[in-house]
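Asks: Please find one structure pasted underneath; my questions will follow.
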Amino acid sequence: MNDPGNVSTAAAQLMPEVLDRLGALVRIPSVAFPGFDPEPVHRMGEAVVELFEAAGAEGVRLLDVPGGYPCVYADLPGPEGSPTVLLYAHYDVQPAPESQGWSSSPFEPVTKADGRIYGRGAADDKSGLVIHYGTLKLLGPDRPCRIKILVEGEEETISHLEGFVEANPELFTADAYVIGDIGPQRVGRPGLTTALRGDVACTVTVRTLANPVHSGMFGGAAPDAMTAMIRILDTLHDEHGDTVIPGVDSSAWSGADMDEDVYREGSAILPGVEFLGTGSLSDRIWAKPSVTVLGMDLPNTAEASNVLLPQVTAKLSMRIVPGSDGDAQLEALMSHLRSQRPWNCEVEVEKVKVGHAFAVDASNPAIVAAESALEQAYGAPVENIGSGASIPLVASLQKVSPGSAIILWGAEDTAQSRIHASDESVDPGEIERMIAAQTLFIRGVAERG
């Protein structure tokens with residue numbers, strides 16, 4: 001009943017239908033960012049309901065999430081006393097502006113010569129949706145355990161789902177959570193993510209003048225805000241590029257190594273440009289903090305004039321290490337920024353968000369079952385890897401069901417998926433293997449009870 005060969009064959013036979021479904025979803029520009037048309041986002045939510053109904057799920061519905069877009073939810077019964085597995089993904093996508101330099105239309109899926117399917121959301125995270133779809137199709141109506149479905153509509157922006165989940169724990173309790181929104185290092189190499197760096201963010205505003213003034217008449221004595229901001233931001237890294245902020249935790253990675261070739265390919269680092277930081281590559285991207293300036297309110301070069309700027313605001317994101325406290329780490333960053341006052345300038349720092357870090361309990365039987373399922377589906381040893389990504393919902397699910405297993409996997413390979421960037425893509429073979437793995441996992445968990 002749980003023969004890997006039979007499951008893999010069934011997954012392969014299902015793929016034409018799965019890819020048709022994926023293409024239809026990619027065509028919906030479900031960008032949930034403020035200022036974007038909400039209609040496609042709502043249309044996408046309805047399409048996800050239809051997707052899972054077509055997979056045989058009963059009672060699939062949209063739930064209103066206060067302040068945000070609705071989530072898709074279903075609670076599918078299984079044999080009495082069987083465990084509960086919750087399948088998570090998200091249906092919103094990142095924007096795809098022309099300035100990113102797409103080589104094809106981002107919302108028209110295209111299969112290119114390399115066999116990959118290109119389009120915004122093809123990997124992140126509409127691949128997760130069709131993996132769940134394929135899993136339900138293979139399991140059929142006689143599901144071996146109770147299965148819940150949770151699909152979010154604003155994971156890529158400021159999400160309101162965490163509060164909704166914590167306010168309604170009875171809907172979301174489970175013995176194992178499958179987060180289908182991540183992937184291996186490279187296609188064909190099974191990867192189980194065992195740690196996530198968290199993501200905390202704030203804004204810093206620097207003021208030096210009451211209003212703009214002529215740089216020729218007053219420059220040289222009157223400080224402009226941009227110069228002060230540069231001095232402040234320079235204190236966040238040392239000469240090696242390591243993030244060095246008092247009170248911010250650092251660690252070391254003990255799992256599989258990050259493949260340097262994969263990292264170079266996925267990061268698009270230019271030839272001759274050096275890596276930041278010290279320690280192993282795995283340490284730097286999975287186990288050490290990393291602060292980034294995401295944006296800054298400044299005149300662009302076309303609008304620049306000969307003035308000293310009176311005020312500048314920057315938005316900062318800091319990835320924090322697994323095992324650290326997100327609130328404490330953000331406060332350490334904000335305190336450091338407040339203490340930096342070159343030329344006695346005014347500095348104001350405001351919290352944006354806290355996304356907590358996460359580490360897997362490798363001894364959990366469901367984690368062992370997940371590793372076994374991956375190995376059977378891929379026919380290769382499993383790599384326990386980390387991720388610099390942040391999935392804030394994970395912390396809320398841990399609150400709802402303490403001690404439950406959280407499985408982090410999917411089809412978003414690091415080397416080529418280019419999520420959030422131009423020419424995002426997914427390999428159909430990864431979707432096929434993940435459908436098989438997920439089916440084997442659910443059957444395995446049900447057999448263990």
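We name chains A, B, ... following the order of the structure tokens; residues begin at 1 in each chain, and ligands are numbered from 1 as shown.
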When you look at region 138-148 of chain A with a cut-off of 6 Å (counting only C-alpha atoms), what residues show up, excluding the ones that are within fewer than 4 positions of it in the same chain? I need them as a list in words.

Replies: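 Everything that qualifies: Ala74, Asp75, Leu76, Pro77, Gly78, Pro79, Ser82, Pro83, Thr84, Val85, Leu86 and Ala446 of chain A.
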
Asks: Once you have the residues from the selection above, write them out as a CSV table (one decimal), in the first residue's frame, restricted to N, CA and C atoms.

Replies:
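See part.csv below for the written result:
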```
chain,number,residue,atom,x,y,z
A,74,ALA,N,-9.6,23.8,5.2
A,74,ALA,CA,-10.4,22.5,5.2
A,74,ALA,C,-10.0,21.6,6.3
A,75,ASP,N,-10.9,20.8,6.8
A,75,ASP,CA,-10.6,19.8,7.8
A,75,ASP,C,-11.2,18.5,7.3
A,76,LEU,N,-10.3,17.6,6.8
A,76,LEU,CA,-10.7,16.4,6.1
A,76,LEU,C,-10.6,15.2,7.1
A,77,PRO,N,-11.7,14.6,7.4
A,77,PRO,CA,-11.6,13.5,8.4
A,77,PRO,C,-10.8,12.3,8.0
A,78,GLY,N,-10.3,11.6,8.9
A,78,GLY,CA,-9.6,10.3,8.7
A,78,GLY,C,-10.1,9.3,9.6
A,79,PRO,N,-9.5,8.1,9.7
A,79,PRO,CA,-9.9,7.1,10.6
A,79,PRO,C,-9.9,7.5,12.1
A,82,SER,N,-6.7,8.5,14.4
A,82,SER,CA,-5.5,8.7,13.5
A,82,SER,C,-4.9,10.1,13.8
A,83,PRO,N,-3.6,10.2,13.5
A,83,PRO,CA,-3.0,11.6,13.7
A,83,PRO,C,-3.5,12.6,12.7
A,84,THR,N,-3.2,13.9,13.0
A,84,THR,CA,-3.7,15.0,12.1
A,84,THR,C,-2.4,15.6,11.5
A,85,VAL,N,-2.5,15.8,10.2
A,85,VAL,CA,-1.4,16.4,9.4
A,85,VAL,C,-2.0,17.7,8.8
A,86,LEU,N,-1.4,18.8,9.0
A,86,LEU,CA,-1.8,20.1,8.4
A,86,LEU,C,-0.9,20.4,7.2
A,446,ALA,N,0.6,7.9,9.4
A,446,ALA,CA,-0.6,7.2,9.7
A,446,ALA,C,-0.3,5.8,10.2
```

Asks: Excluding Val130 (chain A) and any residue of its chain fewer than 3 positions from it, enumerate the residues within 8 Å of it, using only C-alpha atoms, and give them as an NGL selection string.

Replies: :A and (18 or 21-22 or 126-127 or 133-134 or 431)

Asks: As a ChimeraX atom specification, list the residues of region 167-318 of chain A assigned to strand (DSSP E or B) by DSSP on the backbone atoms of this structure.

Replies: /A:176-179,191-196,198-207,213-214,219,222,237,243,290-297,307-308,311-318

Asks: Could you jot down the CA of Leu333 (chain A) to CA of Asp283 (chain A) separation for me, Å, one decimal place?

Replies: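 Distance reported for this atom pair: 20.2 Å.
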
Asks: So what do you get for CA of Thr135 (chain A) versus CA of Glu53 (chain A), distance-wise?

Replies: 13.1 Å

Asks: Looking at A:Glu412, A:Asn300, A:Leu374, A:Gly180, which one is nearest to Glu424 (chain A), with distances taken over only C-alpha atoms?

Replies: A:Glu412

Asks: Residues within 6 Å of region 388-398 of chain A, please, as an MDAnalysis selection string. Count only C-alpha atoms; anything in the same chain fewer than 6 positions from it doesn't count.

Replies: chainID A and resid 162 196:199 285:286 355

Asks: May I have the residues within 10 Å of region 2-14 of chain A as a list in words, using only C-alpha atoms and disregarding those fewer than 5 positions away in the same chain?

Replies: Leu19, Ile131, Gly134, Thr135, Lys137, Leu138, Leu139, Ala373, Glu375, Gln376, Ala377, Tyr378, Gly379, Gly429, Ile431, Glu432, Arg433, Met434, Ile435, Ala436, Ala437, Thr439, Leu440, Phe441, Ile442, Arg443, Gly444 and Glu447 of chain A

Asks: Please produce a file of those selected residues containing C-alpha atoms, as a PDB file, in the first residue's frame.

Replies:
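Now in part.pdb:
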```pdb
ATOM      1  CA  LEU A  19       1.230  21.250 -14.528  1.00  0.00           C
ATOM      2  CA  ILE A 131       2.178  19.544  -4.492  1.00  0.00           C
ATOM      3  CA  GLY A 134      -1.217  16.043  -6.115  1.00  0.00           C
ATOM      4  CA  THR A 135      -0.827  14.564  -2.635  1.00  0.00           C
ATOM      5  CA  LYS A 137      -5.199  13.105  -5.438  1.00  0.00           C
ATOM      6  CA  LEU A 138      -2.849  10.201  -4.727  1.00  0.00           C
ATOM      7  CA  LEU A 139      -4.242   9.614  -1.248  1.00  0.00           C
ATOM      8  CA  ALA A 373       9.841   9.535   2.713  1.00  0.00           C
ATOM      9  CA  GLU A 375      14.922   9.241   0.672  1.00  0.00           C
ATOM     10  CA  GLN A 376      12.429   6.799  -0.862  1.00  0.00           C
ATOM     11  CA  ALA A 377      11.003   9.349  -3.306  1.00  0.00           C
ATOM     12  CA  TYR A 378      14.413  10.629  -4.462  1.00  0.00           C
ATOM     13  CA  GLY A 379      16.475   7.475  -4.117  1.00  0.00           C
ATOM     14  CA  GLY A 429      10.668  16.913 -11.611  1.00  0.00           C
ATOM     15  CA  ILE A 431       7.139  18.840  -7.983  1.00  0.00           C
ATOM     16  CA  GLU A 432       6.713  15.204  -9.021  1.00  0.00           C
ATOM     17  CA  ARG A 433       9.183  13.910  -6.434  1.00  0.00           C
ATOM     18  CA  MET A 434       7.684  16.061  -3.694  1.00  0.00           C
ATOM     19  CA  ILE A 435       4.169  14.773  -4.436  1.00  0.00           C
ATOM     20  CA  ALA A 436       5.520  11.246  -3.997  1.00  0.00           C
ATOM     21  CA  ALA A 437       7.474  12.161  -0.849  1.00  0.00           C
ATOM     22  CA  THR A 439       2.201  11.017   0.000  1.00  0.00           C
ATOM     23  CA  LEU A 440       4.681   8.524   1.470  1.00  0.00           C
ATOM     24  CA  PHE A 441       5.135  10.748   4.504  1.00  0.00           C
ATOM     25  CA  ILE A 442       1.418  10.995   5.294  1.00  0.00           C
ATOM     26  CA  ARG A 443       0.944   7.249   4.904  1.00  0.00           C
ATOM     27  CA  GLY A 444       4.005   6.638   7.046  1.00  0.00           C
ATOM     28  CA  GLU A 447       0.952   3.795  10.031  1.00  0.00           C
TER      29      GLU A 447
END
```

Asks: List as a list of chain:residue names the protein and nucleic acid residues near Leu209 (chain A), meaning an atom at most 8 Å away when only C-alpha atoms are counted, but skip any in the same chain fewer than 2 places from it.

Replies: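 These residues fall inside the cut-off: A:Arg207, A:Asn211, A:Pro212, A:Pro223, A:Asp224, A:Ala225, A:Leu309, A:Pro310, A:Gln311.
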
Asks: For the residues selected in the previous step, produce a file with N, CA and C atoms as a PDB file, in the first residue's frame.

Replies:
```pdb
ATOM      1  N   ARG A 207      17.706  63.004  11.317  1.00  0.00           N
ATOM      2  CA  ARG A 207      17.405  64.412  11.023  1.00  0.00           C
ATOM      3  C   ARG A 207      18.588  65.281  11.456  1.00  0.00           C
ATOM      4  N   ASN A 211      15.323  72.169   7.216  1.00  0.00           N
ATOM      5  CA  ASN A 211      14.862  72.153   5.828  1.00  0.00           C
ATOM      6  C   ASN A 211      16.073  72.015   4.915  1.00  0.00           C
ATOM      7  N   PRO A 212      15.886  71.669   3.645  1.00  0.00           N
ATOM      8  CA  PRO A 212      17.026  71.578   2.728  1.00  0.00           C
ATOM      9  C   PRO A 212      17.715  72.927   2.571  1.00  0.00           C
ATOM     10  N   PRO A 223      25.880  69.401   8.675  1.00  0.00           N
ATOM     11  CA  PRO A 223      25.828  67.992   8.237  1.00  0.00           C
ATOM     12  C   PRO A 223      24.518  67.686   7.531  1.00  0.00           C
ATOM     13  N   ASP A 224      24.594  66.939   6.432  1.00  0.00           N
ATOM     14  CA  ASP A 224      23.335  66.504   5.827  1.00  0.00           C
ATOM     15  C   ASP A 224      22.985  65.122   6.356  1.00  0.00           C
ATOM     16  N   ALA A 225      21.713  64.790   6.301  1.00  0.00           N
ATOM     17  CA  ALA A 225      21.220  63.571   6.935  1.00  0.00           C
ATOM     18  C   ALA A 225      21.775  62.313   6.275  1.00  0.00           C
ATOM     19  N   LEU A 309      20.505  67.278   2.581  1.00  0.00           N
ATOM     20  CA  LEU A 309      19.228  66.662   2.944  1.00  0.00           C
ATOM     21  C   LEU A 309      18.963  66.830   4.438  1.00  0.00           C
ATOM     22  N   PRO A 310      17.759  67.264   4.803  1.00  0.00           N
ATOM     23  CA  PRO A 310      17.464  67.457   6.218  1.00  0.00           C
ATOM     24  C   PRO A 310      17.075  66.172   6.937  1.00  0.00           C
ATOM     25  N   GLN A 311      16.538  65.191   6.198  1.00  0.00           N
ATOM     26  CA  GLN A 311      16.023  63.979   6.827  1.00  0.00           C
ATOM     27  C   GLN A 311      16.145  62.806   5.865  1.00  0.00           C
TER      28      GLN A 311
END
```

Asks: Excluding Ser324 (chain A) and its own-chain neighbours fewer than 3 positions away, which residues fall within 12 Å of it when counting only C-alpha atoms? Please give them as a ChimeraX atom specification.

Replies: /A:195-200,247-251,287-289,319-321,327-330,332,354-359

Asks: Could you pull out the residues in region 221-430 of chain A that DSSP calls helix (DSSP H, G or I) from the backbone, as JSON, numbers by chain?

Replies: {"A": [225, 226, 227, 228, 229, 230, 231, 232, 233, 234, 260, 261, 262, 263, 264, 265, 266, 267, 281, 282, 283, 284, 285, 286, 287, 326, 327, 328, 329, 330, 331, 332, 333, 334, 335, 336, 337, 338, 339, 342, 343, 344, 365, 366, 367, 368, 369, 370, 371, 372, 373, 374, 375, 376, 377, 378, 393, 394, 395, 396, 397, 398, 399, 400, 428, 429, 430]}

Asks: Do a neighbour search on Thr193 (chain A) at 6 Å with only C-alpha atoms, toss out local chain neighbours closer than 6 positions, and write the hits as a list in words.

Replies: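 Selected residues are Asn384, Ile385, Gly386 and Leu408 of chain A.
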
Asks: Selection from above, N, CA and C atoms, as a compact mmCIF listing (two decimals), in the first residue's frame, can you write it?

Replies:
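Now in result04.txt:
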```txt
# COMPACT_ATOMS: atom_id res chain seq x y z
N ASN A 384 20.21 17.51 5.67
CA ASN A 384 19.58 18.41 6.63
C ASN A 384 20.22 19.78 6.46
N ILE A 385 19.41 20.72 5.97
CA ILE A 385 19.93 22.04 5.62
C ILE A 385 19.20 23.11 6.41
N GLY A 386 19.75 24.32 6.37
CA GLY A 386 19.09 25.46 6.98
C GLY A 386 18.53 26.37 5.91
N LEU A 408 9.58 21.14 6.85
CA LEU A 408 9.87 22.25 5.95
C LEU A 408 10.52 21.70 4.68
```

Asks: Could you please determine the separation between CA of Gln94 (chain A) and CA of Ala32 (chain A) in Å, to one decimal place?

Replies: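 Between CA of Gln94 (chain A) and CA of Ala32 (chain A) the gap is 7.9 Å.
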
Asks: Pick the closest to Ser30 (chain A) from A:Ala96, A:Val65, A:Met226, A:Met15: which is it, counting only C-alpha atoms?

Replies: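 The closest residue to Ser30 (chain A) is A:Ala96.
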
Asks: So, counting only C-alpha atoms, which residue among A:Ile407, A:Ile28, A:Ile149, A:Leu308 is closest to Gly59 (chain A)?

Replies: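 Of the candidates, the smallest distance to Gly59 (chain A) is held by A:Ile149.
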
Asks: Counting only C-alpha atoms, which residue out of A:Pro184, A:Gly35, A:Pro97, A:Gly277 sits closest to Val262 (chain A)?

Replies: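 Closest candidate: A:Pro184.
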
Asks: Considering only C-alpha atoms, state which residue in the set A:Ile117, A:Ser104, A:Asp427, A:Glu156 is at the smallest distance from Phe33 (chain A).

Replies: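 Ranking A:Ile117, A:Ser104, A:Asp427, A:Glu156 by distance to Phe33 (chain A), first place goes to A:Glu156.
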
Asks: With only C-alpha atoms as the atoms that count, which of A:Thr208, A:Gln438, A:Thr292, A:Thr111 lies nearest to Ala369 (chain A)?

Replies: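 Of all the options, A:Gln438 lies closest to Ala369 (chain A).
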